[in-house]
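What's in protein22.cif: mmCIF, C-alpha atoms
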data_upload
#
loop_
_atom_site.label_atom_id
_atom_site.label_comp_id
_atom_site.auth_asym_id
_atom_site.auth_seq_id
_atom_site.Cartn_x
_atom_site.Cartn_y
_atom_site.Cartn_z
CA MET A 1 0.00 0.00 0.00
CA THR A 2 1.15 3.55 -0.71
CA LEU A 3 -0.68 5.04 2.24
CA ARG A 4 1.70 5.78 5.14
CA PRO A 5 -0.10 8.43 7.16
CA SER A 6 1.10 8.11 10.76
CA SER A 7 3.53 11.06 10.71
CA LEU A 8 0.65 13.54 10.39
CA PHE A 9 -0.76 12.65 13.77
CA CYS A 10 2.61 12.65 15.55
CA GLY A 11 2.94 16.32 14.62
CA LEU A 12 -0.74 16.91 15.24
CA VAL A 13 -0.61 15.51 18.79
CA LEU A 14 2.50 17.54 19.58
CA CYS A 15 0.92 20.78 18.30
CA LEU A 16 -2.27 20.30 20.25
CA ALA A 17 -0.56 19.12 23.42
CA LEU A 18 1.63 22.24 23.51
CA ALA A 19 -0.85 24.77 22.16
CA LEU A 20 -2.93 25.58 25.22
CA PRO A 21 -2.25 26.05 28.96
CA ALA A 22 -0.66 22.97 30.45
CA GLN A 23 -2.67 22.74 33.66
CA ALA A 24 -4.85 20.13 31.98
CA GLU A 25 -4.57 18.33 28.66
CA THR A 26 -7.10 19.79 26.24
CA GLU A 27 -10.01 17.79 24.89
CA ALA A 28 -8.65 18.35 21.38
CA ALA A 29 -5.30 16.88 22.39
CA ARG A 30 -6.97 13.82 23.90
CA ALA A 31 -9.01 13.39 20.72
CA ALA A 32 -5.84 13.71 18.65
CA ARG A 33 -4.05 11.07 20.71
CA GLN A 34 -7.01 8.74 20.29
CA ALA A 35 -7.08 9.38 16.54
CA ALA A 36 -3.33 8.73 16.34
CA ALA A 37 -3.73 5.37 18.06
CA GLN A 38 -6.67 4.54 15.80
CA LEU A 39 -4.62 5.41 12.72
CA GLU A 40 -1.66 3.35 13.87
CA ALA A 41 -3.93 0.33 14.29
CA ALA A 42 -5.54 0.89 10.87
CA THR A 43 -2.12 1.26 9.22
CA LEU A 44 -1.03 -2.07 10.71
CA LYS A 45 -4.21 -3.72 9.40
CA LEU A 46 -3.53 -2.27 5.96
CA GLU A 47 -0.09 -3.83 5.94
CA GLN A 48 -1.53 -7.20 6.95
CA ALA A 49 -4.60 -7.14 4.67
CA ASP A 50 -4.57 -10.02 2.20
CA SER A 51 -8.04 -9.66 0.69
CA ALA A 52 -10.13 -6.83 -0.70
CA ARG A 53 -12.56 -7.35 2.17
CA ASP A 54 -9.76 -6.83 4.71
CA ARG A 55 -8.56 -3.75 2.84
CA VAL A 56 -12.07 -2.28 2.84
CA LYS A 57 -12.25 -2.66 6.61
CA ALA A 58 -8.77 -1.25 7.22
CA LEU A 59 -9.29 1.69 4.84
CA SER A 60 -12.64 2.48 6.46
CA GLU A 61 -10.90 2.67 9.84
CA THR A 62 -8.14 4.79 8.29
CA ILE A 63 -10.65 7.31 6.93
CA ARG A 64 -12.46 7.43 10.27
CA ALA A 65 -9.14 8.09 12.01
CA TYR A 66 -8.31 10.87 9.58
CA GLU A 67 -11.76 12.41 10.08
CA ALA A 68 -11.33 12.31 13.85
CA GLY A 69 -7.78 13.66 13.69
CA LEU A 70 -8.62 16.52 11.33
CA ALA A 71 -11.60 17.44 13.51
CA ALA A 72 -9.30 17.47 16.55
CA MET A 73 -6.85 19.69 14.67
CA ARG A 74 -9.66 22.10 13.76
CA ASP A 75 -10.71 22.30 17.39
CA GLY A 76 -7.12 22.72 18.49
CA LEU A 77 -6.54 25.55 16.04
CA ARG A 78 -9.67 27.30 17.24
CA GLY A 79 -8.40 27.01 20.79
CA VAL A 80 -5.00 28.33 19.75
CA ALA A 81 -6.57 31.32 18.02
CA ARG A 82 -8.75 32.09 21.02
CA ARG A 83 -5.78 31.83 23.39
CA GLU A 84 -3.65 34.10 21.20
CA SER A 85 -6.43 36.71 20.97
CA GLN A 86 -6.86 36.58 24.75
CA LEU A 87 -3.15 37.11 25.39
CA LEU A 88 -2.87 39.95 22.88
CA ALA A 89 -5.88 41.68 24.42
CA GLN A 90 -4.33 41.35 27.88
CA LEU A 91 -1.02 42.73 26.64
CA ARG A 92 -2.68 45.69 24.92
CA ALA A 93 -4.59 46.49 28.11
CA ARG A 94 -1.32 46.48 30.06
CA GLU A 95 0.73 48.65 27.69
CA GLU A 96 1.23 51.46 30.24
CA GLU A 97 2.04 48.99 33.00
CA VAL A 98 4.46 47.19 30.73
CA ALA A 99 6.24 50.46 29.78
CA GLU A 100 6.53 51.47 33.44
CA LEU A 101 7.76 48.01 34.42
CA VAL A 102 10.40 47.98 31.69
CA GLY A 103 11.59 51.45 32.75
CA ILE A 104 11.96 50.44 36.41
CA ILE A 105 13.81 47.26 35.55
CA GLN A 106 16.16 49.07 33.20
CA THR A 107 16.90 51.70 35.90
CA ILE A 108 17.70 49.05 38.47
CA GLU A 109 19.85 47.07 36.05
CA THR A 110 21.88 50.13 34.87
CA SER A 111 22.39 51.89 38.22
CA SER A 112 25.72 51.24 39.97
CA PRO A 113 25.65 49.89 43.56
CA PRO A 114 27.22 53.01 45.17
CA VAL A 115 24.53 55.27 43.71
CA LEU A 116 21.80 52.99 44.96
CA MET A 117 23.27 53.21 48.47
CA LEU A 118 23.16 57.06 48.58
CA HIS A 119 20.14 58.65 50.28
CA PRO A 120 19.40 62.28 51.39
CA SER A 121 18.55 61.05 54.91
CA GLY A 122 21.92 59.43 55.35
CA PRO A 123 22.78 55.82 56.13
CA LEU A 124 19.45 55.09 57.92
CA GLY A 125 17.45 56.30 54.93
CA ALA A 126 19.67 54.31 52.61
CA ALA A 127 19.11 51.18 54.72
CA ARG A 128 15.34 51.66 54.69
CA SER A 129 15.36 52.23 50.89
CA ALA A 130 17.41 49.10 50.43
CA MET A 131 14.91 47.11 52.50
CA MET A 132 11.99 48.48 50.45
CA LEU A 133 13.81 47.74 47.23
CA ALA A 134 14.51 44.19 48.42
CA GLU A 135 10.77 43.74 49.04
CA VAL A 136 9.71 45.26 45.72
CA THR A 137 12.27 43.59 43.47
CA PRO A 138 10.83 40.03 43.69
CA GLY A 139 7.40 41.39 42.75
CA LEU A 140 8.89 43.28 39.80
CA ASN A 141 10.76 40.16 38.71
CA ALA A 142 7.60 38.08 38.95
CA ARG A 143 5.68 40.59 36.83
CA ALA A 144 8.50 40.69 34.33
CA GLU A 145 8.63 36.88 34.18
CA ALA A 146 4.88 36.69 33.64
CA LEU A 147 5.14 39.22 30.83
CA ARG A 148 8.02 37.32 29.27
CA ALA A 149 6.05 34.06 29.47
CA ASP A 150 3.00 35.66 27.80
CA LEU A 151 5.12 37.05 24.97
CA GLU A 152 6.81 33.68 24.46
CA GLU A 153 3.44 31.93 24.44
CA VAL A 154 2.12 34.28 21.74
CA GLN A 155 5.20 33.57 19.64
CA THR A 156 4.80 29.81 20.16
CA LEU A 157 1.14 29.89 19.20
CA ARG A 158 1.94 31.74 16.00
CA LEU A 159 4.62 29.22 15.09
CA LEU A 160 2.19 26.36 15.74
CA GLN A 161 -0.43 27.92 13.48
CA GLN A 162 2.15 28.28 10.72
CA ALA A 163 3.23 24.66 11.09
CA ALA A 164 -0.41 23.51 11.12
CA ALA A 165 -0.88 24.52 7.47
CA GLU A 166 1.63 21.89 6.35
CA LYS A 167 0.18 19.23 8.65
CA LEU A 168 -3.34 19.97 7.47
CA GLN A 169 -2.33 19.61 3.84
CA GLU A 170 -0.66 16.31 4.65
CA GLY A 171 -3.82 15.08 6.36
CA LEU A 172 -6.15 16.23 3.57
CA SER A 173 -3.98 14.51 0.97
CA GLY A 174 -3.87 11.35 3.06
CA ILE A 175 -7.62 11.09 3.51
CA GLN A 176 -8.19 11.65 -0.21
CA THR A 177 -5.75 8.84 -1.01
CA ALA A 178 -7.59 6.59 1.46
CA ARG A 179 -10.95 7.37 -0.19
CA THR A 180 -9.58 6.51 -3.62
CA GLU A 181 -8.08 3.27 -2.40
CA LEU A 182 -11.33 2.42 -0.62
CA SER A 183 -13.34 2.73 -3.86
CA THR A 184 -10.87 0.40 -5.57
CA ALA A 185 -10.98 -2.14 -2.74
CA ILE A 186 -14.80 -2.17 -2.75
CA ALA A 187 -14.82 -2.76 -6.50
CA ASP A 188 -12.41 -5.69 -6.01
CA ARG A 189 -14.42 -7.23 -3.16
CA THR A 190 -16.18 -10.41 -4.27
CA ASP A 191 -16.45 -12.56 -1.15
CA LEU A 192 -19.57 -11.12 0.54
CA PRO A 193 -22.58 -13.43 0.97
CA ARG A 194 -25.63 -12.56 -1.16
CA ARG A 195 -29.34 -12.98 -0.49
CA PHE A 196 -30.43 -12.12 -4.01
CA THR A 197 -29.28 -10.82 -7.38
CA GLU A 198 -30.86 -7.59 -8.55
CA ASP A 199 -32.70 -7.49 -11.88
CA PRO A 200 -31.99 -4.01 -13.32
CA ILE A 201 -35.05 -4.11 -15.60
CA ARG A 202 -37.40 -4.88 -12.72
CA THR A 203 -35.70 -2.19 -10.62
CA ALA A 204 -36.19 0.42 -13.34
CA SER A 205 -39.83 -0.63 -13.72
CA LEU A 206 -40.48 -0.32 -9.98
CA ILE A 207 -38.88 3.13 -9.86
CA ALA A 208 -40.97 4.30 -12.81
CA SER A 209 -44.21 2.99 -11.33
CA THR A 210 -43.90 4.41 -7.81
CA GLU A 211 -44.18 7.99 -6.61
CA THR A 212 -43.51 7.56 -2.91
CA LEU A 213 -40.84 5.99 -0.74
CA SER A 214 -43.50 3.83 0.87
CA GLY A 215 -44.57 2.47 -2.50
CA PHE A 216 -40.99 1.72 -3.49
CA ALA A 217 -40.19 0.05 -0.16
CA SER A 218 -43.24 -2.19 -0.40
CA GLY A 219 -42.14 -3.39 -3.83
CA LEU A 220 -38.50 -4.13 -3.02
CA SER A 221 -39.03 -7.88 -3.29
CA GLU A 222 -39.93 -7.39 -6.95
CA ILE A 223 -36.45 -6.22 -7.99
CA ALA A 224 -34.79 -9.58 -7.36
CA ASP A 225 -33.95 -11.98 -10.17
CA GLY A 226 -35.58 -14.95 -8.48
CA GLU A 227 -36.42 -15.41 -4.82
CA VAL A 228 -34.86 -13.52 -1.93
CA ILE A 229 -33.23 -15.81 0.64
CA GLN A 230 -34.98 -15.30 3.95
CA SER A 231 -33.03 -13.71 6.77
CA ARG A 232 -33.12 -14.67 10.43
CA ALA A 233 -31.12 -11.64 11.58
CA ASP A 234 -32.32 -9.94 14.76
CA VAL A 235 -30.75 -6.68 15.94
CA SER A 236 -33.60 -5.57 18.18
CA ASP A 237 -31.28 -5.77 21.23
CA LEU A 238 -29.23 -2.95 19.69
CA ARG A 239 -32.20 -0.67 19.31
CA GLY A 240 -31.45 2.76 20.75
CA ASP A 241 -27.69 2.17 20.88
CA LEU A 242 -26.70 2.13 17.21
CA PRO A 243 -24.23 4.83 16.14
CA LEU A 244 -25.29 7.27 13.48
CA PRO A 245 -24.17 6.19 9.99
CA VAL A 246 -22.12 9.39 9.69
CA GLU A 247 -20.28 11.57 12.20
CA GLY A 248 -22.55 14.59 12.57
CA LEU A 249 -25.15 16.55 14.48
CA VAL A 250 -28.93 16.16 14.26
CA LEU A 251 -30.37 19.25 12.57
CA ARG A 252 -34.01 18.23 12.33
CA THR A 253 -35.84 15.64 14.37
CA TYR A 254 -38.51 13.16 13.39
CA GLY A 255 -41.66 14.83 12.07
CA ALA A 256 -40.21 18.35 12.21
CA ARG A 257 -41.02 20.63 9.28
CA ASP A 258 -38.32 21.67 6.86
CA ALA A 259 -37.82 25.11 5.29
CA ALA A 260 -40.63 24.41 2.82
CA GLY A 261 -43.02 23.53 5.65
CA ILE A 262 -42.98 19.81 4.84
CA ALA A 263 -42.87 17.38 7.78
CA ARG A 264 -40.74 14.35 6.95
CA PRO A 265 -40.76 11.08 8.93
CA GLY A 266 -37.02 11.00 9.46
CA ILE A 267 -34.11 12.92 10.92
CA LEU A 268 -31.61 15.18 9.18
CA VAL A 269 -27.95 14.97 10.19
CA ALA A 270 -25.36 17.66 9.38
CA ALA A 271 -22.03 16.17 8.32
CA ARG A 272 -18.74 17.38 6.94
CA PRO A 273 -18.04 17.30 3.19
CA ARG A 274 -16.89 13.90 1.89
CA ALA A 275 -17.53 12.25 5.25
CA LEU A 276 -17.66 8.46 5.25
CA VAL A 277 -21.10 6.85 5.70
CA THR A 278 -21.15 3.33 7.14
CA SER A 279 -23.69 0.68 7.98
CA PRO A 280 -24.43 0.87 11.73
CA THR A 281 -25.01 -2.88 11.90
CA ALA A 282 -24.78 -5.97 9.73
CA ALA A 283 -27.40 -5.63 7.01
CA THR A 284 -28.50 -6.55 3.52
CA ILE A 285 -28.28 -3.91 0.81
CA ARG A 286 -31.81 -3.87 -0.59
CA TYR A 287 -31.26 -0.93 -2.93
CA ARG A 288 -28.61 1.63 -3.86
CA GLY A 289 -28.82 4.42 -6.38
CA PRO A 290 -30.94 7.47 -7.29
CA LEU A 291 -34.58 7.42 -6.17
CA LEU A 292 -37.46 9.89 -6.52
CA ASP A 293 -36.39 13.35 -5.31
CA LEU A 294 -34.08 11.96 -2.63
CA GLY A 295 -30.84 11.87 -4.64
CA ASN A 296 -28.61 8.86 -4.10
CA VAL A 297 -30.26 6.45 -1.68
CA MET A 298 -28.97 3.46 0.27
CA ILE A 299 -31.62 1.10 1.69
CA LEU A 300 -30.36 -1.38 4.28
CA GLU A 301 -32.27 -4.24 5.87
CA PRO A 302 -30.76 -5.12 9.27
CA GLN A 303 -33.55 -7.60 10.06
CA PRO A 304 -36.77 -8.72 8.39
CA ASP A 305 -39.41 -5.99 7.95
CA THR A 306 -37.00 -3.24 9.07
CA LEU A 307 -35.33 -0.80 6.68
CA PHE A 308 -32.74 1.93 7.23
CA ILE A 309 -33.07 4.47 4.41
CA LEU A 310 -30.17 6.87 3.91
CA SER A 311 -30.41 9.63 1.32
CA GLY A 312 -28.27 12.57 0.29
CA LEU A 313 -25.06 10.69 -0.48
CA ALA A 314 -22.82 11.75 -3.35
CA GLU A 315 -21.44 8.24 -3.83
CA VAL A 316 -22.86 4.85 -2.86
CA PHE A 317 -20.90 1.63 -2.45
CA GLY A 318 -21.84 -2.02 -2.70
CA THR A 319 -24.34 -4.07 -4.68
CA ALA A 320 -28.00 -4.82 -4.00
CA GLY A 321 -28.35 -8.25 -2.45
CA GLU A 322 -25.03 -8.23 -0.58
CA VAL A 323 -24.94 -8.90 3.17
CA ILE A 324 -22.45 -6.46 4.66
CA PRO A 325 -20.85 -6.51 8.13
CA GLU A 326 -21.29 -3.78 10.71
CA GLY A 327 -19.22 -0.69 9.93
CA THR A 328 -19.00 -1.39 6.19
CA PRO A 329 -18.76 1.82 4.13
CA VAL A 330 -21.88 2.41 2.07
CA GLY A 331 -21.06 5.82 0.63
CA LEU A 332 -19.57 9.28 0.92
CA MET A 333 -21.22 12.61 1.56
CA GLY A 334 -21.06 15.28 -1.12
CA GLY A 335 -19.50 18.72 -1.13
CA GLU A 336 -16.00 19.92 -1.81
CA ALA A 337 -13.27 18.67 0.47
CA PRO A 338 -11.95 21.72 2.35
CA GLN A 339 -8.48 23.04 1.61
CA ALA A 340 -5.98 23.74 4.35
CA GLY A 341 -6.36 27.50 3.98
CA ALA A 342 -10.12 27.31 4.40
CA ILE A 343 -9.78 25.30 7.59
CA LEU A 344 -7.18 27.67 8.99
CA SER A 345 -9.38 30.66 8.23
CA LEU A 346 -12.13 29.10 10.35
CA SER A 347 -9.80 28.35 13.26
CA GLY A 348 -11.30 31.03 15.48
CA GLU A 349 -14.95 30.21 14.83
CA GLY A 350 -17.27 28.01 16.81
CA GLY A 351 -17.84 24.35 16.04
CA GLY A 352 -20.37 23.06 13.58
CA THR A 353 -19.89 25.66 10.83
CA ASP A 354 -17.99 23.17 8.66
CA ARG A 355 -20.83 20.61 8.58
CA THR A 356 -22.33 21.75 5.30
CA GLU A 357 -23.73 18.43 4.04
CA THR A 358 -26.90 16.68 5.24
CA LEU A 359 -27.84 13.02 5.46
CA TYR A 360 -31.53 12.15 5.73
CA ILE A 361 -32.23 9.00 7.77
CA GLU A 362 -35.57 7.24 7.77
CA VAL A 363 -36.43 3.97 9.53
CA ARG A 364 -39.38 1.87 8.40
CA MET A 365 -40.80 -1.12 10.25
CA ASP A 366 -43.50 -3.16 8.54
CA ASN A 367 -43.36 -0.40 5.90
CA SER A 368 -44.38 2.30 8.37
CA PRO A 369 -42.00 5.06 9.49
CA VAL A 370 -40.76 5.13 13.08
CA ASP A 371 -38.61 7.69 14.86
CA PRO A 372 -34.96 6.90 13.93
CA GLU A 373 -33.86 8.11 17.36
CA THR A 374 -35.54 5.03 18.83
CA TRP A 375 -32.85 3.09 16.95
CA PHE A 376 -29.85 5.44 16.85
CA ASP A 377 -28.00 7.06 19.70
CA ALA A 378 -28.09 10.50 18.07
CA GLY A 379 -26.32 12.09 21.01
CA LYS A 380 -23.04 10.45 19.99
CA GLY A 381 -22.64 12.49 16.82
CA GLY A 382 -19.30 14.16 16.40
#
I'd like the structure from this file rewritten - as structure tokens, please.
Amino acid sequence: MTLRPSSLFCGLVLCLALALPAQAETEAARAARQAAAQLEAATLKLEQADSARDRVKALSETIRAYEAGLAAMRDGLRGVARRESQLLAQLRAREEEVAELVGIIQTIETSSPPVLMLHPSGPLGAARSAMMLAEVTPGLNARAEALRADLEEVQTLRLLQQAAAEKLQEGLSGIQTARTELSTAIADRTDLPRRFTEDPIRTASLIASTETLSGFASGLSEIADGEVIQSRADVSDLRGDLPLPVEGLVLRTYGARDAAGIARPGILVAARPRALVTSPTAATIRYRGPLLDLGNVMILEPQPDTLFILSGLAEVFGTAGEVIPEGTPVGLMGGEAPQAGAILSLSGEGGGTDRTETLYIEVRMDNSPVDPETWFDAGKGG
């Protein structure tokens, strides 16, 4: 494999660990360390992968690690920018104090000892002045040391932000390489079990004859070339604990109205451009491709009479009839992958502004919609 990405996260972890005050490791640094470990494990699996199926799994984990690491770097850069702005504001507010402090220190440093010992009141006055100076000097030194530390921290933060541009570009190139290799590995994968073979003519006929998702879902059995092997899968014990198919945040809940005033029986999840979408559990691919006004759609059947419908993907992976394991990639979100400069320019903004793509998730049981949040733990979005 040509993908050797671990060096990105070594630099990433170091940047984030040093970027912010050291009294406690930042959340971004912890996330970066976790992503680094995840990437190391995925890289090892890539080296050991003998089959396309193994490569698909390892590359999926690699992309997830990159997504987590780049997100941690974004958060770290935002923290760095906030810290730098805070320090600069404090320094500007203390300009007069700083000037006075520098003047006092310079006077003390340049005055000769005999002059310092002279005092109009004689030796007693000189002794008292010396005692006062001895009391004041440690405080002046402490203030000077604090100022020096602040100035050094500002300089360090700026250097880290400059170095981050190179690391970001390395990460963005690495994740794009992983996506390309993933598409190739999926195309080479031939060892998945199948429950049916899709008849493209019957599929096209069903699409042409239905106007609703419900109508299409009820006719899914008609697209097979022959009978569909019955499934005995049961994932009901996982209900409520399944991860979202994509790392994201729920924008609209079940039954909520969209901008056009239409209430849809699903949830809408905001995700980052080109984010990986995976199957939350082992499932059969019942359909993949464009459908109605939903764009590219992936319909998964985790157990009989239950369907997970995902729409809004730019690319879909796999073949109808395949039984895929949990965590298998089923597609990629759309949008343009951000460039390093764009990410750096957002480093001071709040989270969530880079989630520009949306994945619509609908769950149907016995061909009736149910709230997807009864199946998915939507609070674990990233």
Practice problem: Determine the residue membership of the PyMOL selection byres ((chain A and resi 322) around 7) for the file above and supply it as a PyMOL selection string. | Solution: chain A and resi 192-195+284-285+319-321+323-324
Self-check item: Two-atom distance - atom CA of A:Leu46, atom CA of A:Glu61 (Å)
Solution: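 Here the two named atoms are 9.7 Å from each other.
Going from atom CA of A:Leu268 to atom CA of A:Leu249 covers 8.5 Å.
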Practice problem: Spell out the residues picked by the PyMOL selection byres ((chain A and resi 182) around 9) here, as an MDAnalysis selection string. | Solution: chainID A and resid 55:57 59:60 177:181 183:187 329
Exercise. For the file shown, report as a list of chain:residue names the outcome of the PyMOL selection byres ((chain A and resi 252-254) around 9) at residue level.
Key: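 After applying the PyMOL selection byres ((chain A and resi 252-254) around 9), what remains is A:Val250, A:Leu251, A:Gly255, A:Ala256, A:Arg257, A:Asp258, A:Ala263, A:Arg264, A:Pro265, A:Gly266, A:Ile267, A:Leu268, A:Val269, A:Glu362, A:Val370, A:Asp371, A:Pro372, A:Glu373.
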Self-check item: Residues within 12 Å of (-37.5, 2.2, 4.7), file coords, only C-alpha atoms, listed as number ranges by chain
Solution: A: 212-220, 265-266, 285-287, 297-311, 360-372
